[in-house]
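Undergrad: Pasting query-v3.cif below, which is mmCIF, C-alpha atoms.
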data_data
#
loop_
_atom_site.group_PDB
_atom_site.id
_atom_site.type_symbol
_atom_site.label_atom_id
_atom_site.label_comp_id
_atom_site.auth_asym_id
_atom_site.auth_seq_id
_atom_site.Cartn_x
_atom_site.Cartn_y
_atom_site.Cartn_z
ATOM 1 C CA MET Q 1 147.384 59.418 98.721
ATOM 2 C CA LYS Q 2 147.547 58.894 102.456
ATOM 3 C CA ILE Q 3 144.651 58.163 104.805
ATOM 4 C CA CYS Q 4 145.267 57.639 108.524
ATOM 5 C CA VAL Q 5 142.840 57.159 111.381
ATOM 6 C CA GLN Q 6 144.976 57.363 114.479
ATOM 7 C CA ARG Q 7 145.101 58.158 118.177
ATOM 8 C CA GLU Q 8 148.412 60.021 117.986
ATOM 9 C CA ALA Q 9 148.921 63.715 117.275
ATOM 10 C CA PHE Q 10 150.219 64.752 113.864
ATOM 11 C CA ASP Q 11 152.596 67.423 112.625
ATOM 12 C CA ALA Q 12 150.762 69.313 109.890
ATOM 13 C CA GLY Q 13 153.946 70.931 108.556
ATOM 14 C CA ALA Q 14 155.752 67.592 108.273
ATOM 15 C CA GLU Q 15 152.722 65.990 106.590
ATOM 16 C CA ILE Q 16 152.510 68.745 103.993
ATOM 17 C CA GLY Q 17 156.263 68.520 103.432
ATOM 18 C CA ALA Q 18 156.036 64.774 102.884
ATOM 19 C CA MET Q 19 153.363 65.040 100.184
ATOM 20 C CA SER Q 20 154.246 64.284 96.641
ATOM 21 C CA ARG Q 21 155.411 67.552 95.082
ATOM 22 C CA ASP Q 22 155.999 66.680 91.484
ATOM 23 C CA PRO Q 23 156.820 69.586 89.159
ATOM 24 C CA LYS Q 24 153.200 69.660 87.965
ATOM 25 C CA THR Q 25 151.960 70.525 91.489
ATOM 26 C CA GLY Q 26 151.432 74.258 91.740
ATOM 27 C CA ALA Q 27 149.197 74.425 94.821
ATOM 28 C CA VAL Q 28 148.701 72.722 98.165
ATOM 29 C CA ALA Q 29 145.596 73.630 100.178
ATOM 30 C CA CYS Q 30 145.387 72.477 103.763
ATOM 31 C CA PHE Q 31 142.791 72.442 106.533
ATOM 32 C CA VAL Q 32 143.546 71.620 110.168
ATOM 33 C CA GLY Q 33 140.648 71.260 112.594
ATOM 34 C CA SER Q 34 141.232 71.453 116.333
ATOM 35 C CA VAL Q 35 139.302 71.119 119.585
ATOM 36 C CA ARG Q 36 137.574 74.308 120.752
ATOM 37 C CA ASP Q 37 137.230 75.043 124.470
ATOM 38 C CA VAL Q 38 133.589 76.027 124.114
ATOM 39 C CA ASN Q 39 130.631 74.559 122.224
ATOM 40 C CA GLU Q 40 127.095 75.952 122.203
ATOM 41 C CA GLY Q 41 127.828 78.204 125.137
ATOM 42 C CA THR Q 42 129.301 75.530 127.414
ATOM 43 C CA SER Q 43 132.972 75.159 128.173
ATOM 44 C CA VAL Q 44 134.551 71.937 126.985
ATOM 45 C CA GLU Q 45 137.275 70.335 129.100
ATOM 46 C CA ALA Q 46 137.933 67.296 126.934
ATOM 47 C CA LEU Q 47 136.598 65.518 123.901
ATOM 48 C CA THR Q 48 136.456 61.807 123.172
ATOM 49 C CA LEU Q 49 136.142 60.745 119.558
ATOM 50 C CA GLU Q 50 134.723 57.317 118.851
ATOM 51 C CA HIS Q 51 134.803 55.782 115.381
ATOM 52 C CA TYR Q 52 133.857 52.627 113.487
ATOM 53 C CA PRO Q 53 137.159 50.838 112.740
ATOM 54 C CA GLY Q 54 137.109 49.385 109.256
ATOM 55 C CA MET Q 55 134.265 51.554 108.006
ATOM 56 C CA THR Q 56 135.977 54.855 108.792
ATOM 57 C CA GLU Q 57 138.961 54.224 106.524
ATOM 58 C CA LYS Q 58 136.655 52.966 103.772
ATOM 59 C CA ALA Q 59 134.373 56.005 104.057
ATOM 60 C CA ILE Q 60 137.309 58.435 103.902
ATOM 61 C CA ALA Q 61 138.795 56.597 100.908
ATOM 62 C CA GLY Q 62 135.417 56.895 99.157
ATOM 63 C CA ILE Q 63 135.260 60.647 99.843
ATOM 64 C CA VAL Q 64 138.819 61.166 98.534
ATOM 65 C CA GLU Q 65 137.981 59.074 95.475
ATOM 66 C CA GLU Q 66 134.955 61.253 94.765
ATOM 67 C CA ALA Q 67 137.086 64.403 95.126
ATOM 68 C CA ARG Q 68 139.561 62.967 92.607
ATOM 69 C CA ARG Q 69 136.737 62.383 90.148
ATOM 70 C CA ARG Q 70 135.630 65.999 90.438
ATOM 71 C CA TRP Q 71 138.936 67.868 90.534
ATOM 72 C CA GLU Q 72 142.488 67.439 89.404
ATOM 73 C CA VAL Q 73 144.115 66.088 92.571
ATOM 74 C CA ARG Q 74 147.795 65.152 92.339
ATOM 75 C CA ASP Q 75 148.157 64.045 95.947
ATOM 76 C CA CYS Q 76 146.077 64.070 99.101
ATOM 77 C CA THR Q 77 146.635 63.397 102.810
ATOM 78 C CA VAL Q 78 143.804 62.909 105.293
ATOM 79 C CA ILE Q 79 144.519 62.254 108.980
ATOM 80 C CA HIS Q 80 141.700 61.989 111.508
ATOM 81 C CA ARG Q 81 142.304 61.313 115.178
ATOM 82 C CA TYR Q 82 140.182 59.421 117.673
ATOM 83 C CA GLY Q 83 140.385 58.878 121.426
ATOM 84 C CA GLU Q 84 140.666 61.538 124.097
ATOM 85 C CA LEU Q 85 141.598 65.069 123.049
ATOM 86 C CA ARG Q 86 141.966 68.399 124.854
ATOM 87 C CA PRO Q 87 141.128 71.951 123.748
ATOM 88 C CA GLY Q 88 143.736 73.124 121.266
ATOM 89 C CA ASP Q 89 144.611 69.593 120.124
ATOM 90 C CA PRO Q 90 144.485 69.049 116.369
ATOM 91 C CA ILE Q 91 141.738 66.586 115.314
ATOM 92 C CA VAL Q 92 141.858 66.470 111.550
ATOM 93 C CA LEU Q 93 144.153 67.352 108.668
ATOM 94 C CA VAL Q 94 143.172 67.498 105.005
ATOM 95 C CA ALA Q 95 145.834 68.534 102.498
ATOM 96 C CA VAL Q 96 145.340 68.488 98.744
ATOM 97 C CA ALA Q 97 147.994 69.038 96.071
ATOM 98 C CA SER Q 98 146.879 70.159 92.609
ATOM 99 C CA ALA Q 99 148.207 71.954 89.582
ATOM 100 C CA HIS Q 100 146.142 75.039 90.421
ATOM 101 C CA ARG Q 101 144.692 76.581 93.559
ATOM 102 C CA HIS Q 102 141.052 76.303 92.543
ATOM 103 C CA ASP Q 103 141.162 72.504 92.457
ATOM 104 C CA ALA Q 104 143.181 72.326 95.681
ATOM 105 C CA PHE Q 105 140.829 74.641 97.618
ATOM 106 C CA ALA Q 106 137.648 73.040 96.277
ATOM 107 C CA ALA Q 107 138.769 69.444 96.829
ATOM 108 C CA CYS Q 108 139.988 70.274 100.359
ATOM 109 C CA GLU Q 109 136.662 71.877 101.304
ATOM 110 C CA PHE Q 110 134.669 69.068 99.671
ATOM 111 C CA ILE Q 111 136.617 66.418 101.605
ATOM 112 C CA MET Q 112 136.081 68.282 104.904
ATOM 113 C CA ASP Q 113 132.349 68.752 104.289
ATOM 114 C CA PHE Q 114 131.925 65.040 103.619
ATOM 115 C CA LEU Q 115 134.190 63.972 106.507
ATOM 116 C CA LYS Q 116 131.829 65.884 108.791
ATOM 117 C CA THR Q 117 128.695 64.227 107.482
ATOM 118 C CA ARG Q 118 129.647 60.806 106.058
ATOM 119 C CA ALA Q 119 132.639 59.473 108.036
ATOM 120 C CA PRO Q 120 131.597 57.460 111.130
ATOM 121 C CA PHE Q 121 133.033 59.539 113.972
ATOM 122 C CA TRP Q 122 131.166 60.665 117.082
ATOM 123 C CA LYS Q 123 132.276 63.330 119.547
ATOM 124 C CA LYS Q 124 131.533 63.231 123.236
ATOM 125 C CA GLU Q 125 132.316 66.366 125.234
ATOM 126 C CA GLU Q 126 133.257 66.618 128.884
ATOM 127 C CA THR Q 127 131.671 69.780 130.281
ATOM 128 C CA PRO Q 128 131.309 71.126 133.843
ATOM 129 C CA ALA Q 129 127.725 69.750 133.743
ATOM 130 C CA GLY Q 130 128.862 66.263 132.726
ATOM 131 C CA ALA Q 131 129.511 64.386 129.503
ATOM 132 C CA ARG Q 132 127.317 64.851 126.428
ATOM 133 C CA TRP Q 133 127.281 63.530 122.881
ATOM 134 C CA VAL Q 134 127.648 66.275 120.288
ATOM 135 C CA GLU Q 135 124.563 66.554 118.057
ATOM 136 C CA ALA Q 136 124.938 66.626 114.299
ATOM 137 C CA ARG Q 137 124.375 70.112 112.870
ATOM 138 C CA PRO Q 138 121.950 70.817 110.042
ATOM 139 C CA SER Q 139 124.458 73.416 108.767
ATOM 140 C CA ASP Q 140 127.067 70.667 108.243
ATOM 141 C CA GLU Q 141 124.548 68.575 106.320
ATOM 142 C CA ALA Q 142 123.625 71.637 104.226
ATOM 143 C CA ALA Q 143 127.326 72.212 103.457
ATOM 144 C CA ALA Q 144 127.650 68.670 102.082
ATOM 145 C CA GLU Q 145 124.335 68.894 100.181
ATOM 146 C CA ARG Q 146 125.568 71.986 98.369
ATOM 147 C CA TRP Q 147 128.162 69.846 96.537
ATOM 148 C CA GLN Q 148 125.479 67.423 95.417
ATOM 149 C CA ASP Q 149 123.559 70.339 93.932
ATOM 150 C CA SER Q 150 126.658 71.498 92.066
ATOM 151 C CA ALA Q 151 127.184 67.951 90.735
ATOM 152 C CA ARG Q 152 123.604 67.847 89.459
ATOM 153 C CA LYS Q 153 123.947 71.240 87.779
ATOM 154 C CA SER Q 154 127.122 70.255 85.982
ATOM 155 C CA ALA Q 155 125.825 66.772 85.073
ATOM 156 C CA MET W 1 125.425 43.760 114.908
ATOM 157 C CA LEU W 2 127.411 46.753 116.062
ATOM 158 C CA TYR W 3 126.212 49.753 118.065
ATOM 159 C CA PHE W 4 128.085 53.023 118.357
ATOM 160 C CA ALA W 5 128.144 56.190 120.469
ATOM 161 C CA SER W 6 124.831 57.096 122.169
ATOM 162 C CA VAL W 7 123.091 54.005 120.731
ATOM 163 C CA ARG W 8 125.786 51.762 122.268
ATOM 164 C CA GLU W 9 125.438 53.511 125.629
ATOM 165 C CA LYS W 10 121.631 53.321 125.628
ATOM 166 C CA VAL W 11 121.390 49.615 124.785
ATOM 167 C CA GLY W 12 124.416 48.781 126.945
ATOM 168 C CA ARG W 13 125.997 46.651 124.245
ATOM 169 C CA GLU W 14 128.608 47.228 121.545
ATOM 170 C CA SER W 15 128.129 44.078 119.489
ATOM 171 C CA GLU W 16 126.180 40.838 119.219
ATOM 172 C CA GLU W 17 125.268 38.142 116.741
ATOM 173 C CA ILE W 18 121.621 37.660 115.982
ATOM 174 C CA GLU W 19 119.581 35.165 114.042
ATOM 175 C CA LEU W 20 117.432 37.000 111.485
ATOM 176 C CA PRO W 21 113.753 36.043 111.826
ATOM 177 C CA ALA W 22 112.261 34.916 108.509
ATOM 178 C CA ASP W 23 110.178 38.083 108.161
ATOM 179 C CA VAL W 24 113.116 40.460 108.654
ATOM 180 C CA ALA W 25 114.589 41.114 105.220
ATOM 181 C CA THR W 26 115.588 44.783 105.352
ATOM 182 C CA LEU W 27 117.490 47.184 107.565
ATOM 183 C CA GLY W 28 114.259 48.966 108.503
ATOM 184 C CA ALA W 29 112.617 45.687 109.499
ATOM 185 C CA LEU W 30 115.660 44.779 111.576
ATOM 186 C CA ARG W 31 115.448 48.092 113.424
ATOM 187 C CA ALA W 32 111.772 47.406 114.194
ATOM 188 C CA HIS W 33 112.654 43.863 115.286
ATOM 189 C CA LEU W 34 115.287 45.148 117.729
ATOM 190 C CA ARG W 35 112.851 47.777 118.962
ATOM 191 C CA SER W 36 110.418 45.005 119.880
ATOM 192 C CA ARG W 37 112.863 43.950 122.602
ATOM 193 C CA GLY W 38 111.343 46.898 124.490
ATOM 194 C CA GLY W 39 112.915 49.004 127.241
ATOM 195 C CA ALA W 40 116.172 50.689 126.278
ATOM 196 C CA TRP W 41 115.969 49.119 122.783
ATOM 197 C CA ALA W 42 112.581 50.663 122.074
ATOM 198 C CA GLU W 43 113.927 54.018 123.213
ATOM 199 C CA ALA W 44 117.348 53.912 121.514
ATOM 200 C CA LEU W 45 115.899 52.785 118.175
ATOM 201 C CA ALA W 46 112.607 54.727 118.373
ATOM 202 C CA GLU W 47 111.167 55.742 115.019
ATOM 203 C CA THR W 48 111.290 59.394 116.041
ATOM 204 C CA ARG W 49 115.046 59.215 116.600
ATOM 205 C CA ALA W 50 117.280 60.231 113.689
ATOM 206 C CA LEU W 51 119.629 57.280 113.316
ATOM 207 C CA ARG W 52 122.005 56.140 110.613
ATOM 208 C CA ALA W 53 122.945 52.592 109.729
ATOM 209 C CA ALA W 54 125.555 50.718 107.753
ATOM 210 C CA VAL W 55 125.516 47.313 106.089
ATOM 211 C CA ASN W 56 128.944 45.790 105.574
ATOM 212 C CA ARG W 57 130.563 49.133 106.438
ATOM 213 C CA GLU W 58 128.633 51.227 103.929
ATOM 214 C CA MET W 59 125.905 53.701 104.842
ATOM 215 C CA ALA W 60 122.579 52.120 103.931
ATOM 216 C CA PRO W 61 118.895 53.225 103.811
ATOM 217 C CA PRO W 62 116.077 51.420 105.678
ATOM 218 C CA SER W 63 115.136 49.641 102.437
ATOM 219 C CA ALA W 64 118.565 47.953 102.199
ATOM 220 C CA PRO W 65 118.206 44.151 101.937
ATOM 221 C CA LEU W 66 119.976 41.945 104.500
ATOM 222 C CA ARG W 67 121.651 38.592 104.039
ATOM 223 C CA ALA W 68 123.082 36.042 106.456
ATOM 224 C CA GLY W 69 126.576 37.043 107.520
ATOM 225 C CA ASP W 70 126.066 40.796 106.973
ATOM 226 C CA GLU W 71 127.704 43.211 109.396
ATOM 227 C CA VAL W 72 125.040 45.727 110.411
ATOM 228 C CA ALA W 73 125.636 48.817 112.538
ATOM 229 C CA PHE W 74 123.261 51.376 114.055
ATOM 230 C CA PHE W 75 124.527 54.772 115.186
ATOM 231 C CA PRO W 76 123.533 58.422 115.563
ATOM 232 C CA PRO W 77 124.280 60.981 112.813
ATOM 233 C CA VAL W 78 128.053 61.422 112.634
ATOM 234 C CA THR W 79 129.928 64.349 114.225
ATOM 235 C CA GLY W 80 133.551 64.052 113.144
ATOM 236 C CA GLY W 81 135.833 66.617 111.555
#
Show me this structure written as structure tokens.

TA:
Amino acid sequence: MKICVQREAFDAGAEIGAMSRDPKTGAVACFVGSVRDVNEGTSVEALTLEHYPGMTEKAIAGIVEEARRRWEVRDCTVIHRYGELRPGDPIVLVAVASAHRHDAFAACEFIMDFLKTRAPFWKKEETPAGARWVEARPSDEAAAERWQDSARKSA
Amino acid sequence: MLYFASVREKVGRESEEIELPADVATLGALRAHLRSRGGAWAEALAETRALRAAVNREMAPPSAPLRAGDEVAFFPPVTGG
């Protein structure tokens, strides 16, 4: 398991290649998020990501731990950047190795949904009209809530 | 105390140490106590504002109890990923 909160860019291909690929791993699912040049109809020139050092790593570790309780996860890499980013720059990587694709896809999506709503990061966008803090989206919260419903159903 | 993102900008401070008044025993009471400073504090921590908080680096509800030495943070809902 690898969790990194870093300023530097990452190489998604190299990260996936470096994951543990024991003979029982049959699937690796990966998500890479990057900076869009437009948000809510306004063009975005740059993005600054602030985070809570110390809590961020702990929150991500907790999310990965929860994913491991729910699915068969053989290895997992999460990298989240902070600092100043430009459109097209990668922000986040989540890669999950499992025996089968279902677990890899589900755990990867679960980790992303909870990163968006539980990990202490805040985005500030530079737009032609000035800087603005990005508002949390109800749809992201709903995406995370959906997993809690599925946990209750299966409990 | 730690303040992040728009809360930090509004109150013009990223951290401070405070002495907990005897009647402030929970996170919610601490928020109200800070609000009583008035001005930017009243606005940044207004009841109508959706804020999140952490105690010792874990998300915590307003009912969370506080003890001397706790690290408490107030911040807006998160927007990472």

Undergrad: Every residue with an atom at most 10 Å from (135.9, 75.6, 127.5) (file coordinates; all atoms listed in the file) is what I'm after, so could you write them as a PyMOL selection string?

TA: chain Q and resi 35-39+41-46+86-87+126-128

Undergrad: Just say which residues the PyMOL selection byres ((chain W and resi 61) around 12) picks in this file, as number ranges by chain.

TA: W: 26-31, 51-55, 58-60, 62-66, 72-74

Undergrad: Name the residues within 12 Å of (156.5, 63.3, 95.2), counting only C-alpha atoms in the file's coordinates, and put them as a PyMOL selection string.

TA: chain Q and resi 1+16-25+74-76+97

Undergrad: I'd like to know which of Q:Asp11, Q:Ala119, Q:Asp149, Q:Val92 is closest to Val78 of chain Q, using only C-alpha atoms.

TA: Q:Val92

Undergrad: Would you give me, as CSV, each residue of chain Q having an atom within 6 Å of an atom of chain W, along with its shortest atom pair and that distance in Å to one decimal, using only C-alpha atoms and sorting by chain and residue number?

TA:
residue,atom,partner,partner_atom,distance
Q:Met55,CA,W:Arg57,CA,4.7
Q:Leu115,CA,W:Gly81,CA,5.9
Q:Lys116,CA,W:Gly81,CA,4.9
Q:Thr117,CA,W:Val78,CA,5.9
Q:Pro120,CA,W:Val78,CA,5.5
Q:Phe121,CA,W:Gly80,CA,4.6
Q:Trp122,CA,W:Thr79,CA,4.8
Q:Lys123,CA,W:Thr79,CA,5.9
Q:Ala136,CA,W:Thr79,CA,5.5

Undergrad: Just write the chosen residues, C-alpha atoms, as a PDB file, keeping the file's coordinate frame.

TA:
ATOM      1  CA  MET Q  55     134.265  51.554 108.006  1.00  0.00           C
ATOM      2  CA  LEU Q 115     134.190  63.972 106.507  1.00  0.00           C
ATOM      3  CA  LYS Q 116     131.829  65.884 108.791  1.00  0.00           C
ATOM      4  CA  THR Q 117     128.695  64.227 107.482  1.00  0.00           C
ATOM      5  CA  PRO Q 120     131.597  57.460 111.130  1.00  0.00           C
ATOM      6  CA  PHE Q 121     133.033  59.539 113.972  1.00  0.00           C
ATOM      7  CA  TRP Q 122     131.166  60.665 117.082  1.00  0.00           C
ATOM      8  CA  LYS Q 123     132.276  63.330 119.547  1.00  0.00           C
ATOM      9  CA  ALA Q 136     124.938  66.626 114.299  1.00  0.00           C
TER      10      ALA Q 136
END

Undergrad: One decimal, in Å: what's the spacing between atom CA of Arg49 of chain W and atom CA of Val7 of chain W?

TA: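 That distance, rounded to one decimal, is 10.4 Å.
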
Undergrad: So, counting only C-alpha atoms, which residue among Q:Pro90, Q:Gly54, Q:Gly83, Q:Gly26 is closest to Ala9 of chain Q?

TA: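 Nearest to Ala9 of chain Q: Q:Pro90.
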
Undergrad: Enter the distance from atom CA of Gly39 of chain W to atom CA of Arg118 of chain Q, in Å, rounded to one decimal.

TA: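 Pair atom CA of Gly39 of chain W / atom CA of Arg118 of chain Q returns 29.5 Å.
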
Undergrad: Report the residues retrieved by the PyMOL selection byres ((chain Q and resi 109) around 10) from the displayed file, expressed as a PyMOL selection string.

TA: chain Q and resi 29-31+67+94-96+103-108+110-115+143-144+147

Undergrad: Which of these residues is nearest to Arg35 of chain W, using all atoms listed in the file: W:Val11, W:Pro21, W:Ala68, W:Met1?

TA: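 The shortest atom-to-atom distance to Arg35 of chain W comes from W:Val11.
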
Undergrad: Rounded to one decimal in Å, what is the spacing between atom CA of Gly38 of chain W and atom CA of Ser15 of chain W?

TA: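 So the answer is 17.7 Å.
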
Undergrad: Evaluate the PyMOL selection byres ((chain Q and resi 48) around 7) and record the selected residues as a ChimeraX atom specification, following the chain and residue labels used in the document.

TA: /Q:46-47,49-50,83-85,123-125
